[in-house]
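Trainee: Below is the file target-v1.txt, which contains compact mmCIF, N, CA and C atoms.
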# COMPACT_ATOMS: atom_id res chain seq x y z
N MET A 1 -7.25 3.63 -17.93
CA MET A 1 -8.12 3.68 -16.75
C MET A 1 -9.22 4.69 -16.99
N THR A 2 -10.38 4.39 -16.46
CA THR A 2 -11.53 5.26 -16.67
C THR A 2 -11.53 6.45 -15.73
N GLY A 3 -10.93 6.31 -14.55
CA GLY A 3 -10.93 7.40 -13.58
C GLY A 3 -12.13 7.37 -12.66
N LEU A 4 -13.20 6.71 -13.07
CA LEU A 4 -14.38 6.59 -12.21
C LEU A 4 -14.30 5.30 -11.43
N ARG A 5 -14.60 5.38 -10.16
CA ARG A 5 -14.52 4.19 -9.31
C ARG A 5 -15.78 3.36 -9.45
N THR A 6 -15.59 2.06 -9.67
CA THR A 6 -16.70 1.13 -9.74
C THR A 6 -17.10 0.74 -8.33
N ARG A 7 -18.34 1.01 -7.97
CA ARG A 7 -18.82 0.70 -6.63
C ARG A 7 -19.04 -0.79 -6.49
N LEU A 8 -18.61 -1.32 -5.36
CA LEU A 8 -18.80 -2.75 -5.08
C LEU A 8 -20.12 -2.95 -4.37
N SER A 9 -20.73 -4.11 -4.55
CA SER A 9 -21.97 -4.41 -3.83
C SER A 9 -21.66 -4.51 -2.34
N ASP A 10 -22.64 -4.22 -1.51
CA ASP A 10 -22.43 -4.25 -0.07
C ASP A 10 -22.10 -5.65 0.43
N ARG A 11 -22.67 -6.65 -0.20
CA ARG A 11 -22.40 -8.04 0.18
C ARG A 11 -21.76 -8.72 -1.01
N ARG A 12 -20.59 -9.32 -0.75
CA ARG A 12 -19.88 -10.01 -1.82
C ARG A 12 -19.03 -11.13 -1.23
N ALA A 13 -18.76 -12.09 -2.06
CA ALA A 13 -17.93 -13.21 -1.61
C ALA A 13 -16.50 -12.73 -1.36
N HIS A 14 -15.82 -13.43 -0.48
CA HIS A 14 -14.45 -13.09 -0.13
C HIS A 14 -13.66 -14.38 -0.02
N TRP A 15 -12.53 -14.44 -0.70
CA TRP A 15 -11.68 -15.63 -0.67
C TRP A 15 -10.43 -15.32 0.16
N ILE A 16 -10.02 -16.28 0.97
CA ILE A 16 -8.88 -16.09 1.87
C ILE A 16 -7.76 -17.07 1.50
N PHE A 17 -6.53 -16.57 1.53
CA PHE A 17 -5.34 -17.36 1.23
C PHE A 17 -4.31 -17.14 2.33
N ARG A 18 -3.59 -18.17 2.68
CA ARG A 18 -2.47 -18.03 3.60
C ARG A 18 -1.20 -18.21 2.76
N PHE A 19 -0.23 -17.35 3.01
CA PHE A 19 1.01 -17.44 2.23
C PHE A 19 2.16 -16.86 3.03
N GLU A 20 3.37 -17.15 2.57
CA GLU A 20 4.58 -16.62 3.21
C GLU A 20 5.35 -15.76 2.22
N CYS A 21 6.00 -14.74 2.76
CA CYS A 21 6.85 -13.87 1.96
C CYS A 21 7.99 -13.40 2.85
N ASP A 22 9.20 -13.60 2.42
CA ASP A 22 10.39 -13.18 3.17
C ASP A 22 10.37 -13.68 4.61
N GLY A 23 9.93 -14.92 4.79
CA GLY A 23 9.93 -15.53 6.12
C GLY A 23 8.79 -15.10 7.03
N GLN A 24 7.89 -14.25 6.55
CA GLN A 24 6.74 -13.82 7.35
C GLN A 24 5.48 -14.47 6.81
N SER A 25 4.58 -14.81 7.72
CA SER A 25 3.30 -15.40 7.32
C SER A 25 2.24 -14.31 7.20
N TYR A 26 1.42 -14.45 6.17
CA TYR A 26 0.35 -13.49 5.91
C TYR A 26 -0.95 -14.21 5.60
N THR A 27 -2.04 -13.51 5.81
CA THR A 27 -3.34 -13.94 5.33
C THR A 27 -3.76 -12.90 4.30
N GLY A 28 -4.05 -13.36 3.11
CA GLY A 28 -4.48 -12.46 2.04
C GLY A 28 -5.90 -12.80 1.66
N GLY A 29 -6.61 -11.81 1.23
CA GLY A 29 -7.98 -12.03 0.80
C GLY A 29 -8.27 -11.22 -0.45
N ILE A 30 -9.24 -11.69 -1.21
CA ILE A 30 -9.68 -10.95 -2.38
C ILE A 30 -11.20 -10.93 -2.43
N GLY A 31 -11.72 -9.85 -2.97
CA GLY A 31 -13.13 -9.74 -3.29
C GLY A 31 -13.22 -9.51 -4.79
N ARG A 32 -14.33 -9.88 -5.37
CA ARG A 32 -14.46 -9.78 -6.82
C ARG A 32 -15.67 -8.93 -7.22
N PHE A 33 -15.56 -8.34 -8.41
CA PHE A 33 -16.72 -7.70 -9.02
C PHE A 33 -17.71 -8.79 -9.41
N GLU A 34 -18.93 -8.41 -9.72
CA GLU A 34 -19.94 -9.39 -10.10
C GLU A 34 -19.54 -10.18 -11.34
N ASP A 35 -18.70 -9.59 -12.21
CA ASP A 35 -18.28 -10.29 -13.43
C ASP A 35 -17.08 -11.21 -13.20
N GLY A 36 -16.60 -11.30 -11.95
CA GLY A 36 -15.51 -12.21 -11.61
C GLY A 36 -14.13 -11.58 -11.52
N ARG A 37 -13.97 -10.35 -12.03
CA ARG A 37 -12.66 -9.69 -11.92
C ARG A 37 -12.35 -9.37 -10.46
N ILE A 38 -11.07 -9.39 -10.11
CA ILE A 38 -10.66 -9.05 -8.75
C ILE A 38 -10.89 -7.55 -8.54
N ALA A 39 -11.55 -7.22 -7.43
CA ALA A 39 -11.93 -5.84 -7.14
C ALA A 39 -11.23 -5.27 -5.92
N GLU A 40 -10.80 -6.13 -5.03
CA GLU A 40 -10.16 -5.65 -3.80
C GLU A 40 -9.22 -6.72 -3.26
N VAL A 41 -8.20 -6.24 -2.55
CA VAL A 41 -7.18 -7.11 -2.00
C VAL A 41 -6.97 -6.73 -0.54
N PHE A 42 -6.83 -7.73 0.30
CA PHE A 42 -6.55 -7.50 1.72
C PHE A 42 -5.33 -8.31 2.11
N ILE A 43 -4.45 -7.76 2.93
CA ILE A 43 -3.29 -8.49 3.43
C ILE A 43 -3.12 -8.16 4.90
N ASN A 44 -2.99 -9.19 5.71
CA ASN A 44 -2.75 -9.03 7.15
C ASN A 44 -1.69 -10.02 7.60
N GLY A 45 -0.93 -9.63 8.60
CA GLY A 45 0.00 -10.56 9.23
C GLY A 45 -0.81 -11.59 10.02
N THR A 46 -0.19 -12.70 10.35
CA THR A 46 -0.94 -13.75 11.03
C THR A 46 -1.02 -13.57 12.55
N LYS A 47 -0.16 -12.73 13.11
CA LYS A 47 -0.20 -12.51 14.55
C LYS A 47 -1.05 -11.28 14.85
N VAL A 48 -2.19 -11.50 15.49
CA VAL A 48 -3.11 -10.41 15.79
C VAL A 48 -2.50 -9.45 16.80
N GLY A 49 -2.61 -8.16 16.53
CA GLY A 49 -2.16 -7.15 17.47
C GLY A 49 -0.67 -6.87 17.46
N THR A 50 0.06 -7.40 16.49
CA THR A 50 1.49 -7.16 16.43
C THR A 50 1.87 -6.57 15.08
N ALA A 51 1.28 -5.43 14.76
CA ALA A 51 1.53 -4.79 13.47
C ALA A 51 3.01 -4.41 13.35
N THR A 52 3.65 -4.94 12.35
CA THR A 52 5.04 -4.62 12.06
C THR A 52 5.08 -3.66 10.87
N ALA A 53 6.23 -3.10 10.62
CA ALA A 53 6.38 -2.24 9.45
C ALA A 53 6.07 -3.01 8.18
N ALA A 54 6.49 -4.27 8.11
CA ALA A 54 6.23 -5.09 6.93
C ALA A 54 4.74 -5.30 6.73
N GLU A 55 4.01 -5.56 7.81
CA GLU A 55 2.57 -5.76 7.70
C GLU A 55 1.88 -4.46 7.31
N THR A 56 2.28 -3.36 7.91
CA THR A 56 1.69 -2.06 7.57
C THR A 56 1.91 -1.74 6.10
N ASN A 57 3.13 -1.98 5.61
CA ASN A 57 3.42 -1.73 4.20
C ASN A 57 2.59 -2.64 3.29
N ALA A 58 2.40 -3.90 3.69
CA ALA A 58 1.60 -4.83 2.91
C ALA A 58 0.14 -4.38 2.87
N GLN A 59 -0.38 -3.94 4.01
CA GLN A 59 -1.76 -3.45 4.05
C GLN A 59 -1.93 -2.21 3.18
N ASP A 60 -0.96 -1.30 3.25
CA ASP A 60 -1.01 -0.09 2.42
C ASP A 60 -0.99 -0.44 0.94
N ALA A 61 -0.14 -1.38 0.55
CA ALA A 61 -0.06 -1.80 -0.85
C ALA A 61 -1.39 -2.41 -1.30
N ALA A 62 -2.03 -3.18 -0.43
CA ALA A 62 -3.31 -3.80 -0.77
C ALA A 62 -4.39 -2.74 -0.97
N ILE A 63 -4.39 -1.71 -0.13
CA ILE A 63 -5.38 -0.63 -0.27
C ILE A 63 -5.20 0.08 -1.60
N VAL A 64 -3.95 0.42 -1.92
CA VAL A 64 -3.68 1.12 -3.18
C VAL A 64 -4.04 0.24 -4.37
N ALA A 65 -3.72 -1.05 -4.31
CA ALA A 65 -4.07 -1.97 -5.39
C ALA A 65 -5.59 -2.06 -5.55
N SER A 66 -6.31 -2.11 -4.43
CA SER A 66 -7.78 -2.18 -4.49
C SER A 66 -8.35 -0.94 -5.15
N LEU A 67 -7.85 0.22 -4.78
CA LEU A 67 -8.34 1.46 -5.39
C LEU A 67 -8.03 1.49 -6.88
N ALA A 68 -6.83 1.03 -7.26
CA ALA A 68 -6.47 0.99 -8.68
C ALA A 68 -7.41 0.06 -9.44
N LEU A 69 -7.68 -1.12 -8.88
CA LEU A 69 -8.59 -2.07 -9.53
C LEU A 69 -9.99 -1.48 -9.68
N GLN A 70 -10.47 -0.79 -8.65
CA GLN A 70 -11.81 -0.22 -8.68
C GLN A 70 -11.92 0.99 -9.62
N HIS A 71 -10.77 1.54 -9.99
CA HIS A 71 -10.75 2.65 -10.95
C HIS A 71 -10.41 2.17 -12.36
N GLY A 72 -10.39 0.86 -12.56
CA GLY A 72 -10.24 0.31 -13.90
C GLY A 72 -8.86 -0.15 -14.29
N CYS A 73 -7.90 -0.11 -13.39
CA CYS A 73 -6.55 -0.58 -13.72
C CYS A 73 -6.56 -2.11 -13.81
N PRO A 74 -6.11 -2.68 -14.92
CA PRO A 74 -6.08 -4.14 -15.04
C PRO A 74 -5.10 -4.75 -14.04
N ILE A 75 -5.43 -5.90 -13.50
CA ILE A 75 -4.56 -6.57 -12.53
C ILE A 75 -3.21 -6.90 -13.16
N GLU A 76 -3.19 -7.15 -14.46
CA GLU A 76 -1.92 -7.44 -15.15
C GLU A 76 -0.97 -6.24 -15.10
N THR A 77 -1.52 -5.05 -15.11
CA THR A 77 -0.71 -3.84 -15.03
C THR A 77 -0.06 -3.75 -13.65
N ILE A 78 -0.82 -4.08 -12.61
CA ILE A 78 -0.29 -4.07 -11.24
C ILE A 78 0.80 -5.12 -11.12
N GLU A 79 0.55 -6.33 -11.63
CA GLU A 79 1.56 -7.40 -11.59
C GLU A 79 2.83 -6.97 -12.30
N HIS A 80 2.69 -6.38 -13.47
CA HIS A 80 3.87 -5.94 -14.24
C HIS A 80 4.66 -4.88 -13.46
N ALA A 81 3.95 -3.97 -12.79
CA ALA A 81 4.62 -2.92 -12.03
C ALA A 81 5.37 -3.47 -10.83
N LEU A 82 4.93 -4.59 -10.29
CA LEU A 82 5.55 -5.19 -9.11
C LEU A 82 6.72 -6.12 -9.45
N ALA A 83 6.88 -6.44 -10.73
CA ALA A 83 7.95 -7.35 -11.13
C ALA A 83 9.31 -6.68 -10.94
N ARG A 84 10.25 -7.43 -10.40
CA ARG A 84 11.62 -6.97 -10.20
C ARG A 84 12.53 -7.80 -11.08
N SER A 85 13.75 -7.34 -11.28
CA SER A 85 14.68 -8.06 -12.15
C SER A 85 14.96 -9.47 -11.61
N GLY A 86 14.88 -9.66 -10.30
CA GLY A 86 15.12 -10.97 -9.71
C GLY A 86 13.84 -11.77 -9.52
N GLY A 87 12.75 -11.33 -10.09
CA GLY A 87 11.47 -12.00 -9.92
C GLY A 87 10.53 -11.13 -9.11
N PHE A 88 9.50 -11.74 -8.57
CA PHE A 88 8.53 -10.99 -7.78
C PHE A 88 9.01 -10.89 -6.34
N ALA A 89 8.68 -9.79 -5.69
CA ALA A 89 9.05 -9.59 -4.29
C ALA A 89 7.92 -8.86 -3.59
N GLY A 90 7.81 -9.05 -2.32
CA GLY A 90 6.81 -8.34 -1.54
C GLY A 90 5.51 -9.12 -1.42
N PRO A 91 4.78 -8.86 -0.33
CA PRO A 91 3.55 -9.60 -0.06
C PRO A 91 2.47 -9.46 -1.13
N LEU A 92 2.28 -8.26 -1.68
CA LEU A 92 1.24 -8.09 -2.70
C LEU A 92 1.59 -8.89 -3.95
N ALA A 93 2.82 -8.81 -4.41
CA ALA A 93 3.24 -9.58 -5.59
C ALA A 93 3.11 -11.07 -5.32
N THR A 94 3.47 -11.50 -4.12
CA THR A 94 3.36 -12.91 -3.76
C THR A 94 1.91 -13.37 -3.78
N LEU A 95 1.00 -12.58 -3.20
CA LEU A 95 -0.42 -12.93 -3.20
C LEU A 95 -0.96 -13.01 -4.62
N LEU A 96 -0.63 -12.04 -5.46
CA LEU A 96 -1.12 -12.06 -6.84
C LEU A 96 -0.59 -13.26 -7.60
N ARG A 97 0.66 -13.63 -7.33
CA ARG A 97 1.23 -14.84 -7.96
C ARG A 97 0.48 -16.08 -7.49
N GLU A 98 0.14 -16.14 -6.20
CA GLU A 98 -0.60 -17.29 -5.67
C GLU A 98 -1.98 -17.42 -6.32
N LEU A 99 -2.60 -16.31 -6.65
CA LEU A 99 -3.92 -16.34 -7.28
C LEU A 99 -3.89 -16.99 -8.64
N LYS A 100 -2.75 -16.96 -9.30
CA LYS A 100 -2.63 -17.53 -10.64
C LYS A 100 -2.47 -19.05 -10.59
N ARG A 101 -2.18 -19.62 -9.45
CA ARG A 101 -1.98 -21.07 -9.35
C ARG A 101 -3.27 -21.82 -9.47
Starting from the coordinates I provided, produce the structure as structure tokens.
Mentor:
Amino acid sequence: MTGLRTRLSDRRAHWIFRFECDGQSYTGGIGRFEDGRIAEVFINGTKVGTATAAETNAQDAAIVASLALQHGCPIETIEHALARSGGFAGPLATLLRELKR
């Protein structure tokens, strides 16, 4: 990692995905750097105004992943760190897996 944060343009495309994880529905989004690499990740529960611990944890994970990406951490490193012995778990891992489809 370079340690320096890559600044994103003020206006950028944003892709939205709907997915489920552990019986909960989420809306995930990604923004990309100009070269096409994923630069930011967003995760929200589908019910507006009903923040649960699971949704808060998913949002926190997305913020940390976004900062890591903007500081030069490869997305593959994040995916590898999220892998569990039983496969992938959690909303961030699920969203990243969906992006590969």
Trainee: What is the CA of Trp15 (chain A) to atom C of Thr56 (chain A) distance in Å?
Mentor: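 A separation of 20.6 Å between them.
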Trainee: Run DSSP on the backbone and tell me which residues of chain A come out as helix (DSSP H, G or I); list them as a VMD selection string.
Mentor: chain A and resid 53 to 70 75 to 82 91 to 99
Trainee: Could you pull the residues within 12 Å of Gly36 (chain A), counting only C-alpha atoms, minus those fewer than 4 positions along the same chain, as a PDB file with N, CA and C atoms, in the coordinates of the input?
Mentor:
ATOM      1  N   LEU A   8     -18.610  -1.320  -5.360  1.00  0.00           N
ATOM      2  CA  LEU A   8     -18.800  -2.750  -5.080  1.00  0.00           C
ATOM      3  C   LEU A   8     -20.120  -2.950  -4.370  1.00  0.00           C
ATOM      4  N   ARG A  12     -20.590  -9.320  -0.750  1.00  0.00           N
ATOM      5  CA  ARG A  12     -19.880 -10.010  -1.820  1.00  0.00           C
ATOM      6  C   ARG A  12     -19.030 -11.130  -1.230  1.00  0.00           C
ATOM      7  N   ALA A  13     -18.760 -12.090  -2.060  1.00  0.00           N
ATOM      8  CA  ALA A  13     -17.930 -13.210  -1.610  1.00  0.00           C
ATOM      9  C   ALA A  13     -16.500 -12.730  -1.360  1.00  0.00           C
ATOM     10  N   HIS A  14     -15.820 -13.430  -0.480  1.00  0.00           N
ATOM     11  CA  HIS A  14     -14.450 -13.090  -0.130  1.00  0.00           C
ATOM     12  C   HIS A  14     -13.660 -14.380  -0.020  1.00  0.00           C
ATOM     13  N   ILE A  30      -9.240 -11.690  -1.210  1.00  0.00           N
ATOM     14  CA  ILE A  30      -9.680 -10.950  -2.380  1.00  0.00           C
ATOM     15  C   ILE A  30     -11.200 -10.930  -2.430  1.00  0.00           C
ATOM     16  N   GLY A  31     -11.720  -9.850  -2.970  1.00  0.00           N
ATOM     17  CA  GLY A  31     -13.130  -9.740  -3.290  1.00  0.00           C
ATOM     18  C   GLY A  31     -13.220  -9.510  -4.790  1.00  0.00           C
ATOM     19  N   ARG A  32     -14.330  -9.880  -5.370  1.00  0.00           N
ATOM     20  CA  ARG A  32     -14.460  -9.780  -6.820  1.00  0.00           C
ATOM     21  C   ARG A  32     -15.670  -8.930  -7.220  1.00  0.00           C
ATOM     22  N   GLU A  40     -10.800  -6.130  -5.030  1.00  0.00           N
ATOM     23  CA  GLU A  40     -10.160  -5.650  -3.800  1.00  0.00           C
ATOM     24  C   GLU A  40      -9.220  -6.720  -3.260  1.00  0.00           C
TER      25      GLU A  40
END
Trainee: Where in chain A does DSSP assign strand (DSSP E or B), given as a list of chain:residue names?
Mentor: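 Taking chain A and keeping strand (DSSP E or B) gives A:His14, A:Trp15, A:Ile16, A:Phe17, A:Arg18, A:Phe19, A:Glu20, A:Cys21, A:Gln24, A:Ser25, A:Tyr26, A:Thr27, A:Gly28, A:Gly29, A:Ile30, A:Gly31, A:Arg32, A:Ile38, A:Ala39, A:Glu40, A:Val41, A:Phe42, A:Ile43, A:Asn44, A:Gly45, A:Ala83, A:Arg84, A:Gly87, A:Phe88.
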Trainee: Just to confirm, what's the straight-line distance from CA of Leu92 (chain A) to CA of His71 (chain A) in Å (one decimal)?
Mentor: 18.1 Å
Trainee: Using only C-alpha atoms, which protein or nucleic acid residues come within 12 Å of region 58-67 of chain A? Drop anything in the same chain fewer than 6 positions from it, and give the result as a ChimeraX atom specification.
Mentor: /A:1,3-8,21,24-33,37-45,51-52,73-79,81-82,89-96
Trainee: Kindly save the residues from that selection, with N, CA and C atoms included, as a compact mmCIF listing (two decimals), keeping the file's coordinate frame.
Mentor:
# COMPACT_ATOMS: atom_id res chain seq x y z
N MET A 1 -7.25 3.63 -17.93
CA MET A 1 -8.12 3.68 -16.75
C MET A 1 -9.22 4.69 -16.99
N GLY A 3 -10.93 6.31 -14.55
CA GLY A 3 -10.93 7.40 -13.58
C GLY A 3 -12.13 7.37 -12.66
N LEU A 4 -13.20 6.71 -13.07
CA LEU A 4 -14.38 6.59 -12.21
C LEU A 4 -14.30 5.30 -11.43
N ARG A 5 -14.60 5.38 -10.16
CA ARG A 5 -14.52 4.19 -9.31
C ARG A 5 -15.78 3.36 -9.45
N THR A 6 -15.59 2.06 -9.67
CA THR A 6 -16.70 1.13 -9.74
C THR A 6 -17.10 0.74 -8.33
N ARG A 7 -18.34 1.01 -7.97
CA ARG A 7 -18.82 0.70 -6.63
C ARG A 7 -19.04 -0.79 -6.49
N LEU A 8 -18.61 -1.32 -5.36
CA LEU A 8 -18.80 -2.75 -5.08
C LEU A 8 -20.12 -2.95 -4.37
N CYS A 21 6.00 -14.74 2.76
CA CYS A 21 6.85 -13.87 1.96
C CYS A 21 7.99 -13.40 2.85
N GLN A 24 7.89 -14.25 6.55
CA GLN A 24 6.74 -13.82 7.35
C GLN A 24 5.48 -14.47 6.81
N SER A 25 4.58 -14.81 7.72
CA SER A 25 3.30 -15.40 7.32
C SER A 25 2.24 -14.31 7.20
N TYR A 26 1.42 -14.45 6.17
CA TYR A 26 0.35 -13.49 5.91
C TYR A 26 -0.95 -14.21 5.60
N THR A 27 -2.04 -13.51 5.81
CA THR A 27 -3.34 -13.94 5.33
C THR A 27 -3.76 -12.90 4.30
N GLY A 28 -4.05 -13.36 3.11
CA GLY A 28 -4.48 -12.46 2.04
C GLY A 28 -5.90 -12.80 1.66
N GLY A 29 -6.61 -11.81 1.23
CA GLY A 29 -7.98 -12.03 0.80
C GLY A 29 -8.27 -11.22 -0.45
N ILE A 30 -9.24 -11.69 -1.21
CA ILE A 30 -9.68 -10.95 -2.38
C ILE A 30 -11.20 -10.93 -2.43
N GLY A 31 -11.72 -9.85 -2.97
CA GLY A 31 -13.13 -9.74 -3.29
C GLY A 31 -13.22 -9.51 -4.79
N ARG A 32 -14.33 -9.88 -5.37
CA ARG A 32 -14.46 -9.78 -6.82
C ARG A 32 -15.67 -8.93 -7.22
N PHE A 33 -15.56 -8.34 -8.41
CA PHE A 33 -16.72 -7.70 -9.02
C PHE A 33 -17.71 -8.79 -9.41
N ARG A 37 -13.97 -10.35 -12.03
CA ARG A 37 -12.66 -9.69 -11.92
C ARG A 37 -12.35 -9.37 -10.46
N ILE A 38 -11.07 -9.39 -10.11
CA ILE A 38 -10.66 -9.05 -8.75
C ILE A 38 -10.89 -7.55 -8.54
N ALA A 39 -11.55 -7.22 -7.43
CA ALA A 39 -11.93 -5.84 -7.14
C ALA A 39 -11.23 -5.27 -5.92
N GLU A 40 -10.80 -6.13 -5.03
CA GLU A 40 -10.16 -5.65 -3.80
C GLU A 40 -9.22 -6.72 -3.26
N VAL A 41 -8.20 -6.24 -2.55
CA VAL A 41 -7.18 -7.11 -2.00
C VAL A 41 -6.97 -6.73 -0.54
N PHE A 42 -6.83 -7.73 0.30
CA PHE A 42 -6.55 -7.50 1.72
C PHE A 42 -5.33 -8.31 2.11
N ILE A 43 -4.45 -7.76 2.93
CA ILE A 43 -3.29 -8.49 3.43
C ILE A 43 -3.12 -8.16 4.90
N ASN A 44 -2.99 -9.19 5.71
CA ASN A 44 -2.75 -9.03 7.15
C ASN A 44 -1.69 -10.02 7.60
N GLY A 45 -0.93 -9.63 8.60
CA GLY A 45 0.00 -10.56 9.23
C GLY A 45 -0.81 -11.59 10.02
N ALA A 51 1.28 -5.43 14.76
CA ALA A 51 1.53 -4.79 13.47
C ALA A 51 3.01 -4.41 13.35
N THR A 52 3.65 -4.94 12.35
CA THR A 52 5.04 -4.62 12.06
C THR A 52 5.08 -3.66 10.87
N CYS A 73 -7.90 -0.11 -13.39
CA CYS A 73 -6.55 -0.58 -13.72
C CYS A 73 -6.56 -2.11 -13.81
N PRO A 74 -6.11 -2.68 -14.92
CA PRO A 74 -6.08 -4.14 -15.04
C PRO A 74 -5.10 -4.75 -14.04
N ILE A 75 -5.43 -5.90 -13.50
CA ILE A 75 -4.56 -6.57 -12.53
C ILE A 75 -3.21 -6.90 -13.16
N GLU A 76 -3.19 -7.15 -14.46
CA GLU A 76 -1.92 -7.44 -15.15
C GLU A 76 -0.97 -6.24 -15.10
N THR A 77 -1.52 -5.05 -15.11
CA THR A 77 -0.71 -3.84 -15.03
C THR A 77 -0.06 -3.75 -13.65
N ILE A 78 -0.82 -4.08 -12.61
CA ILE A 78 -0.29 -4.07 -11.24
C ILE A 78 0.80 -5.12 -11.12
N GLU A 79 0.55 -6.33 -11.63
CA GLU A 79 1.56 -7.40 -11.59
C GLU A 79 2.83 -6.97 -12.30
N ALA A 81 3.95 -3.97 -12.79
CA ALA A 81 4.62 -2.92 -12.03
C ALA A 81 5.37 -3.47 -10.83
N LEU A 82 4.93 -4.59 -10.29
CA LEU A 82 5.55 -5.19 -9.11
C LEU A 82 6.72 -6.12 -9.45
N ALA A 89 8.68 -9.79 -5.69
CA ALA A 89 9.05 -9.59 -4.29
C ALA A 89 7.92 -8.86 -3.59
N GLY A 90 7.81 -9.05 -2.32
CA GLY A 90 6.81 -8.34 -1.54
C GLY A 90 5.51 -9.12 -1.42
N PRO A 91 4.78 -8.86 -0.33
CA PRO A 91 3.55 -9.60 -0.06
C PRO A 91 2.47 -9.46 -1.13
N LEU A 92 2.28 -8.26 -1.68
CA LEU A 92 1.24 -8.09 -2.70
C LEU A 92 1.59 -8.89 -3.95
N ALA A 93 2.82 -8.81 -4.41
CA ALA A 93 3.24 -9.58 -5.59
C ALA A 93 3.11 -11.07 -5.32
N THR A 94 3.47 -11.50 -4.12
CA THR A 94 3.36 -12.91 -3.76
C THR A 94 1.91 -13.37 -3.78
N LEU A 95 1.00 -12.58 -3.20
CA LEU A 95 -0.42 -12.93 -3.20
C LEU A 95 -0.96 -13.01 -4.62
N LEU A 96 -0.63 -12.04 -5.46
CA LEU A 96 -1.12 -12.06 -6.84
C LEU A 96 -0.59 -13.26 -7.60
Trainee: If I take CA of Ser9 (chain A) and atom N of Leu69 (chain A), how far is one from the other in Å, to one decimal?
Mentor: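 Atom N of Leu69 (chain A) lies 15.5 Å from CA of Ser9 (chain A).
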